[in-house]
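J.: Sharing a structure here in structure tokens format.
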Amino acid sequence: MRSSLLLALGLLLLIATSCGYHQAGRAVRIPPDVQTISIPMFVNETKTYHIEQTITNAVVHEFSSRTKYRVVSSPADEVDATLVGKVLTTESAPATYDSQTGRATTALVTVTASVKLVDRHGKVLFENDNYTFRDQYQLSADPLSFFEEDTVANQRMAADFSRTLVSNVLEAF
């Protein structure tokens, strides 16, 4: 009887001190009283046309589809938290070149943004001043059939940005 009790106590101690793994999405940083999040249009401090719309739309979509929070676009008295963002820099640079012609064949688009989630009392719940995301895209070799691929690259980058942002906010990274 005593050996069974010691064995059970030992197993309980082993379970209690086991590794700290947890299921993703469980370590929520947002307080439980937050039900509504306002996500106004990100501020665009770059010369890239409509990049703020692309990123804001991706973030709104990600929060709406992955979380239980009601997402609104304009800050108001009835929101529990507000996510504000700024697109700080955008850059597009040649990444690879054709060895025969010397022309660029791919380009790398890089976007840096800052985000802050603040509750209705001004308490910062999440902040990152230096989100940097990149995506590579093909450049057309034929000038007659050339069309801009950076828009598609920006959309892919915005999707990656929004997935990472929502994960970081929810999983307390």
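A note on labels: chains of the structure tokens are A, B, ... as shown, every chain counts residues from 1, and ligands are counted from 1 in their shown order.
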Name all residues at most 12 Å from Val34 in chain A (count only C-alpha atoms; drop same-chain ones fewer than 3 positions away) and give them as a list in words.
T.: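 Residues meeting the cut-off are Val28, Arg29, Ile30, Pro31, Ile37, Ser38, Thr67, Lys68, Tyr69, Arg70, Val71, Glu78, Val79, Asp80, Ala81, Thr82, Leu117, Val118, Asp119, Arg120, His121 and Leu125 of chain A.
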J.: What's around range 58-66 of chain A at 7 Å? Count only C-alpha atoms, leave out sequence neighbours fewer than 3 positions away in its own chain, and write the answer as JSON, numbers by chain.
T.: {"A": [39, 54, 55, 69, 71, 158, 159, 162, 163, 166]}
J.: Keeping only N, CA, C and O atoms, write the selected residues to a file as a PDB file, in the first residue's frame.
T.:
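For reference, result14.pdb as written:
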```
ATOM      1  N   ILE A  39      -9.551  48.142 -35.631  1.00  0.00           N
ATOM      2  CA  ILE A  39      -8.342  48.124 -36.466  1.00  0.00           C
ATOM      3  C   ILE A  39      -8.526  49.193 -37.542  1.00  0.00           C
ATOM      4  O   ILE A  39      -9.027  48.919 -38.631  1.00  0.00           O
ATOM      5  N   THR A  54      -3.556  47.240 -48.273  1.00  0.00           N
ATOM      6  CA  THR A  54      -3.288  45.814 -48.432  1.00  0.00           C
ATOM      7  C   THR A  54      -2.997  45.171 -47.086  1.00  0.00           C
ATOM      8  O   THR A  54      -3.547  44.113 -46.754  1.00  0.00           O
ATOM      9  N   ILE A  55      -2.147  45.806 -46.291  1.00  0.00           N
ATOM     10  CA  ILE A  55      -1.777  45.245 -44.991  1.00  0.00           C
ATOM     11  C   ILE A  55      -2.951  45.303 -44.017  1.00  0.00           C
ATOM     12  O   ILE A  55      -3.243  44.318 -43.330  1.00  0.00           O
ATOM     13  N   TYR A  69     -12.866  37.736 -31.505  1.00  0.00           N
ATOM     14  CA  TYR A  69     -13.089  39.156 -31.300  1.00  0.00           C
ATOM     15  C   TYR A  69     -13.930  39.754 -32.424  1.00  0.00           C
ATOM     16  O   TYR A  69     -13.796  39.375 -33.576  1.00  0.00           O
ATOM     17  N   VAL A  71     -14.365  42.660 -34.797  1.00  0.00           N
ATOM     18  CA  VAL A  71     -13.417  43.619 -35.364  1.00  0.00           C
ATOM     19  C   VAL A  71     -14.199  44.737 -36.041  1.00  0.00           C
ATOM     20  O   VAL A  71     -15.090  44.479 -36.850  1.00  0.00           O
ATOM     21  N   ALA A 158       1.747  40.682 -47.101  1.00  0.00           N
ATOM     22  CA  ALA A 158       0.729  41.139 -46.153  1.00  0.00           C
ATOM     23  C   ALA A 158       0.047  39.955 -45.475  1.00  0.00           C
ATOM     24  O   ALA A 158      -0.265  40.014 -44.275  1.00  0.00           O
ATOM     25  N   ALA A 159      -0.184  38.886 -46.208  1.00  0.00           N
ATOM     26  CA  ALA A 159      -0.774  37.681 -45.607  1.00  0.00           C
ATOM     27  C   ALA A 159       0.171  37.079 -44.572  1.00  0.00           C
ATOM     28  O   ALA A 159      -0.265  36.704 -43.471  1.00  0.00           O
ATOM     29  N   SER A 162       0.191  39.435 -41.495  1.00  0.00           N
ATOM     30  CA  SER A 162      -1.007  39.350 -40.653  1.00  0.00           C
ATOM     31  C   SER A 162      -1.067  38.039 -39.877  1.00  0.00           C
ATOM     32  O   SER A 162      -1.447  38.030 -38.702  1.00  0.00           O
ATOM     33  N   ARG A 163      -0.672  36.923 -40.499  1.00  0.00           N
ATOM     34  CA  ARG A 163      -0.637  35.637 -39.777  1.00  0.00           C
ATOM     35  C   ARG A 163       0.333  35.716 -38.602  1.00  0.00           C
ATOM     36  O   ARG A 163       0.022  35.277 -37.495  1.00  0.00           O
ATOM     37  N   VAL A 166      -1.082  38.194 -35.745  1.00  0.00           N
ATOM     38  CA  VAL A 166      -2.159  37.607 -34.936  1.00  0.00           C
ATOM     39  C   VAL A 166      -1.604  36.502 -34.042  1.00  0.00           C
ATOM     40  O   VAL A 166      -1.951  36.432 -32.865  1.00  0.00           O
TER      41      VAL A 166
END
```
J.: Looking at only C-alpha atoms, which of A:Val84, A:Ala76, A:Ala93, A:Val152 is the one that sits closest to Met41 in chain A?
T.: A:Val84
J.: For Pro40 in chain A, work out the shell of residues within 7 Å, counting only C-alpha atoms and skipping chain neighbours fewer than 4 positions away, then give it as a ChimeraX atom specification.
T.: /A:73-75,84
J.: A:Tyr49, A:Tyr137, A:Phe126, A:Tyr131: which is nearest Phe161 in chain A, counting only C-alpha atoms?
T.: A:Tyr131
J.: Can you tell me, as a ChimeraX atom specification, which residues in range 31-134 of chain A count as alpha helix (DSSP H) by DSSP?
T.: /A:51-66
J.: Could you jot down the CA of Lys86 in chain A to CA of Asp33 in chain A separation for me, Å, one decimal place?
T.: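 Going from CA of Lys86 in chain A over to CA of Asp33 in chain A, I get 26.2 Å.
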J.: Which one is closest to Ala95 in chain A: A:Val124, A:Leu139, A:Leu165, A:Val115? Count only C-alpha atoms.
T.: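 Smallest separation from Ala95 in chain A among the options: A:Leu139.
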J.: Please report, as an mmCIF file with C-alpha atoms, in the first residue's frame, each residue of range 10-165 of chain A to which DSSP assigns strand (DSSP E) when run on this structure's backbone.
T.:
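Listed below is the output, out-v6.cif:
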```
data_model
loop_
_atom_site.group_PDB
_atom_site.id
_atom_site.type_symbol
_atom_site.label_atom_id
_atom_site.label_comp_id
_atom_site.auth_asym_id
_atom_site.auth_seq_id
_atom_site.Cartn_x
_atom_site.Cartn_y
_atom_site.Cartn_z
ATOM 1 C CA THR A 36 -14.160 44.239 -29.561
ATOM 2 C CA ILE A 37 -10.986 45.343 -31.338
ATOM 3 C CA SER A 38 -10.790 48.376 -33.569
ATOM 4 C CA VAL A 43 -0.706 54.864 -41.673
ATOM 5 C CA ASN A 44 1.434 54.803 -44.804
ATOM 6 C CA ARG A 70 -15.522 41.479 -33.028
ATOM 7 C CA VAL A 71 -13.417 43.619 -35.364
ATOM 8 C CA VAL A 72 -14.451 47.150 -36.293
ATOM 9 C CA ALA A 81 -8.863 47.658 -27.638
ATOM 10 C CA THR A 82 -7.384 49.356 -30.694
ATOM 11 C CA LEU A 83 -4.665 48.016 -32.973
ATOM 12 C CA VAL A 84 -2.778 50.868 -34.637
ATOM 13 C CA GLY A 85 -0.147 50.336 -37.281
ATOM 14 C CA LYS A 86 2.254 52.259 -39.470
ATOM 15 C CA VAL A 87 3.976 51.095 -42.623
ATOM 16 C CA LEU A 88 7.407 52.605 -42.074
ATOM 17 C CA THR A 89 9.435 51.560 -45.111
ATOM 18 C CA THR A 90 9.049 49.704 -48.379
ATOM 19 C CA GLU A 91 11.853 48.704 -50.660
ATOM 20 C CA SER A 92 12.095 46.769 -53.880
ATOM 21 C CA ALA A 93 15.526 45.652 -55.013
ATOM 22 C CA PRO A 94 16.878 43.277 -57.665
ATOM 23 C CA ALA A 95 17.659 39.870 -56.184
ATOM 24 C CA THR A 96 18.947 37.804 -59.124
ATOM 25 C CA TYR A 97 20.216 38.628 -62.596
ATOM 26 C CA ALA A 104 17.323 41.538 -63.176
ATOM 27 C CA THR A 105 15.115 38.430 -63.189
ATOM 28 C CA THR A 106 13.740 38.581 -59.651
ATOM 29 C CA ALA A 107 13.212 41.336 -57.127
ATOM 30 C CA LEU A 108 12.840 41.331 -53.378
ATOM 31 C CA VAL A 109 10.173 43.500 -51.760
ATOM 32 C CA THR A 110 10.788 44.407 -48.103
ATOM 33 C CA VAL A 111 8.245 46.101 -45.845
ATOM 34 C CA THR A 112 8.821 47.319 -42.287
ATOM 35 C CA ALA A 113 5.917 48.270 -40.041
ATOM 36 C CA SER A 114 5.161 49.056 -36.425
ATOM 37 C CA VAL A 115 2.049 47.913 -34.550
ATOM 38 C CA LYS A 116 0.605 48.568 -31.132
ATOM 39 C CA LEU A 117 -2.456 47.072 -29.429
ATOM 40 C CA VAL A 118 -3.782 49.366 -26.710
ATOM 41 C CA ASP A 119 -6.749 48.782 -24.414
ATOM 42 C CA VAL A 124 -0.217 48.682 -24.155
ATOM 43 C CA LEU A 125 -1.160 45.018 -24.605
ATOM 44 C CA PHE A 126 1.219 44.311 -27.483
ATOM 45 C CA GLU A 127 3.824 46.334 -29.338
ATOM 46 C CA ASN A 128 6.406 45.710 -32.037
ATOM 47 C CA ASP A 129 8.137 48.666 -33.662
ATOM 48 C CA ASN A 130 10.069 46.659 -36.229
ATOM 49 C CA TYR A 131 8.072 44.038 -38.122
ATOM 50 C CA THR A 132 10.033 43.329 -41.279
ATOM 51 C CA PHE A 133 8.699 41.044 -44.014
ATOM 52 C CA ARG A 134 10.065 40.140 -47.428
ATOM 53 C CA ASP A 135 8.800 38.430 -50.546
ATOM 54 C CA GLN A 136 10.529 37.654 -53.814
ATOM 55 C CA TYR A 137 8.855 37.943 -57.205
ATOM 56 C CA GLN A 138 9.723 37.307 -60.850
#
```
J.: What does the structure give for the distance between CA of Gln35 in chain A and CA of Asn168 in chain A, in Å to one decimal?
T.: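 It comes out at 18.0 Å.
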